[in-house]
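Below is one structure, written out as structure tokens; comments come after it.
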Amino acid sequence: MPVFQFNPPERFVAGTVGQPGDRTFFLQAVGEGRITSAVLEKAQVEALATRIEELLEEVHRRFGTPPDDAAPPEDDGPLEQPIEQDFRVGTLALAWDAEAARVIIEAQEIDETASEEMLEDDEEELEVFAEEAPAHRDVLRVYLTPGEARAFAGRALKVVSAGRPDCPLCGRPLDPNGHVCARQNGYRPDRLV
């Protein structure tokens with residue numbers, strides 16, 4: 001399976017397709033006439049954005065401000081068309097390349113063939129940032145300047161927060177068709193047996 005490498009990408013964004021409550025989240029990299037779109041979960045997008053911010057803070061603490069910290073113009077545009085899913089993300093990895101002063105983001109395809117036993121026992125150790133993808137997984141690898149990484153994280157957090165608003169009482173998402181709030185009457189439909 002291929003490694004989709006973008007060093008540097010012309011564009012790298014998190015985006016969605018669909019209405020709040022029924023959205024599909026994508027990481028999309030564009031460059032050299034190709035588009036790579038990987039599907040992932042909302043929680044993965046939020047975690048990636050948060051970890052990027054933490055990584056950049058740590059880099060700043062250890063090495064000072066990286067030389068190329070200028071943020072690119074804000075990118076609020078839609079995902080590039082056509083949106084064709086290349087793979088579904090299972091594992092995300094994040095690293096700092098001090099020599100090139102770049103953030104490396106790697107999204108690896110979910111391994112649907114791995115058994116839970118193998119994952120629990122760590123028998124199959126995955127080499128992160130290998131030149132070739134594991135034989136049965138696709139990998140998206142993107143190299144970003146600190147400014148580009150900050151811009152990506154900012155947009156990703158906006159995309160995550162653009163969903164359904166949360167109920168002020170119970171914190172669960174509000175549906176357009178109504179909301180059964182556990183704090184008002186104690187009934188939670190997901191607790192029925």
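Just remember, in the structure tokens the first chain shown is A, the second B, etc., residues are 1-based per chain, and ligands are 1-based in the order shown.
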Practice problem: Write out as JSON, numbers by chain all residues of segment 13-175 of chain A that DSSP puts in alpha helix (DSSP H) for this structure's backbone. | Solution: {"A": [42, 43, 44, 45, 46, 47, 48, 49, 50, 51, 52, 53, 54, 55, 56, 57, 58, 59, 60, 61, 62, 63, 116, 117, 118, 119, 120, 121, 146, 147, 148, 149, 150, 151, 152, 153, 154, 155, 156, 157, 158, 159, 160, 161]}
Wanna dump the segment 129-168 of chain A-segment 96-116 of chain A contacts at 8 Å for me, each residue with its shortest atom pair and the distance in Å to one decimal, counting only C-alpha atoms, ordered by chain and number, as a tab-separated table?
```
residue	atom	partner	partner_atom	distance
A:Phe129	CA	A:Glu106	CA	7.2
A:His136	CA	A:Asp111	CA	7.8
A:Arg137	CA	A:Glu109	CA	5.2
A:Asp138	CA	A:Glu109	CA	5.2
A:Val139	CA	A:Gln108	CA	4.5
A:Leu140	CA	A:Ala107	CA	5.1
A:Arg141	CA	A:Glu106	CA	4.4
A:Val142	CA	A:Ile105	CA	5.3
A:Tyr143	CA	A:Ile104	CA	4.7
A:Leu144	CA	A:Val103	CA	5.1
A:Thr145	CA	A:Arg102	CA	4.9
A:Pro146	CA	A:Arg102	CA	6.5
A:Ala149	CA	A:Val103	CA	6.8
```
Okay, now the selection with N, CA and C atoms, as a compact mmCIF listing (two decimals), in the first residue's frame?
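Full text of selection29.txt as output:
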```
# COMPACT_ATOMS: atom_id res chain seq x y z
N PHE A 129 6.70 6.57 10.89
CA PHE A 129 7.50 7.36 9.95
C PHE A 129 8.48 6.52 9.15
N HIS A 136 0.03 -3.78 4.50
CA HIS A 136 -1.42 -3.79 4.35
C HIS A 136 -2.08 -2.46 4.73
N ARG A 137 -1.32 -1.39 4.85
CA ARG A 137 -1.91 -0.10 5.25
C ARG A 137 -1.45 1.05 4.38
N ASP A 138 -2.38 1.97 4.10
CA ASP A 138 -2.03 3.23 3.45
C ASP A 138 -1.59 4.22 4.52
N VAL A 139 -0.76 5.18 4.12
CA VAL A 139 -0.27 6.20 5.05
C VAL A 139 -0.28 7.55 4.35
N LEU A 140 -0.80 8.56 5.05
CA LEU A 140 -0.72 9.94 4.60
C LEU A 140 0.30 10.64 5.49
N ARG A 141 1.36 11.20 4.89
CA ARG A 141 2.40 11.89 5.66
C ARG A 141 2.55 13.30 5.10
N VAL A 142 2.45 14.29 6.00
CA VAL A 142 2.48 15.69 5.60
C VAL A 142 3.52 16.42 6.45
N TYR A 143 4.30 17.28 5.79
CA TYR A 143 5.32 18.09 6.46
C TYR A 143 4.84 19.54 6.43
N LEU A 144 4.74 20.17 7.61
CA LEU A 144 4.23 21.53 7.72
C LEU A 144 5.20 22.42 8.49
N THR A 145 5.26 23.69 8.10
CA THR A 145 6.00 24.67 8.89
C THR A 145 5.21 24.89 10.18
N PRO A 146 5.82 25.45 11.21
CA PRO A 146 5.06 25.73 12.44
C PRO A 146 3.84 26.62 12.19
N ALA A 149 1.18 24.51 10.59
CA ALA A 149 0.62 23.58 11.56
C ALA A 149 -0.36 24.30 12.49
```
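The spacing separating atom CA of Ala95 of chain A from atom CA of Arg61 of chain A amounts to 15.4 Å.
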Exercise. Compare A:Asp175, A:Val17, A:Leu94, A:Asn7 by their minimum atom-to-atom distance to Leu56 of chain A, counting only C-alpha atoms, and give me the closest one.
Key: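 Using only C-alpha atoms, the shortest distance to Leu56 of chain A belongs to A:Leu94.
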Exercise. Please run DSSP on the backbone and report, as a PyMOL selection string, all residues within segment 44-95 of chain A that come out as strand (DSSP E or B).
Key: chain A and resi 85-95
May I have the selected residues written with N, CA and C atoms, as a CSV table (one decimal), in the first residue's frame?
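In the end it all went to result-v1.csv:
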```csv
chain,number,residue,atom,x,y,z
A,85,GLN,N,-12.8,9.0,-0.8
A,85,GLN,CA,-12.1,8.5,0.4
A,85,GLN,C,-10.9,7.5,-0.1
A,86,ASP,N,-9.7,7.9,0.3
A,86,ASP,CA,-8.6,7.0,0.0
A,86,ASP,C,-8.5,5.9,1.0
A,87,PHE,N,-8.7,6.2,2.3
A,87,PHE,CA,-8.7,5.2,3.4
A,87,PHE,C,-9.3,5.8,4.6
A,88,ARG,N,-9.5,5.0,5.6
A,88,ARG,CA,-10.0,5.4,6.9
A,88,ARG,C,-8.9,5.4,7.9
A,89,VAL,N,-8.7,6.5,8.7
A,89,VAL,CA,-7.6,6.6,9.6
A,89,VAL,C,-7.8,5.8,10.8
A,90,GLY,N,-6.8,5.0,11.2
A,90,GLY,CA,-6.8,4.3,12.5
A,90,GLY,C,-5.9,4.9,13.5
A,91,THR,N,-4.7,5.3,13.1
A,91,THR,CA,-3.6,5.8,14.0
A,91,THR,C,-3.1,7.1,13.4
A,92,LEU,N,-2.9,8.0,14.3
A,92,LEU,CA,-2.3,9.3,14.0
A,92,LEU,C,-1.0,9.4,14.7
A,93,ALA,N,0.0,10.0,14.1
A,93,ALA,CA,1.3,10.2,14.7
A,93,ALA,C,1.7,11.6,14.4
A,94,LEU,N,2.5,12.2,15.3
A,94,LEU,CA,2.9,13.6,15.3
A,94,LEU,C,4.4,13.7,15.7
A,95,ALA,N,5.2,14.4,15.0
A,95,ALA,CA,6.6,14.5,15.3
A,95,ALA,C,7.1,15.9,14.9
```
Self-check item: Shell around segment 43-54 of chain A at 8 Å using only C-alpha atoms, local window under 5 positions removed, as a list of chain:residue names
Solution: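 What passes the distance filter is A:Ala14, A:Phe25, A:Leu92, A:Leu94, A:Ala149, A:Arg150, A:Phe152, A:Ala153, A:Gly154, A:Ala156, A:Leu157, A:Val160.
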Quiz prompt | Residue contacts of Asn177 of chain A (12 Å, only C-alpha atoms) excluding same-chain residues fewer than 4 positions away, as a PyMOL selection string | solution = chain A and resi 21+164+173
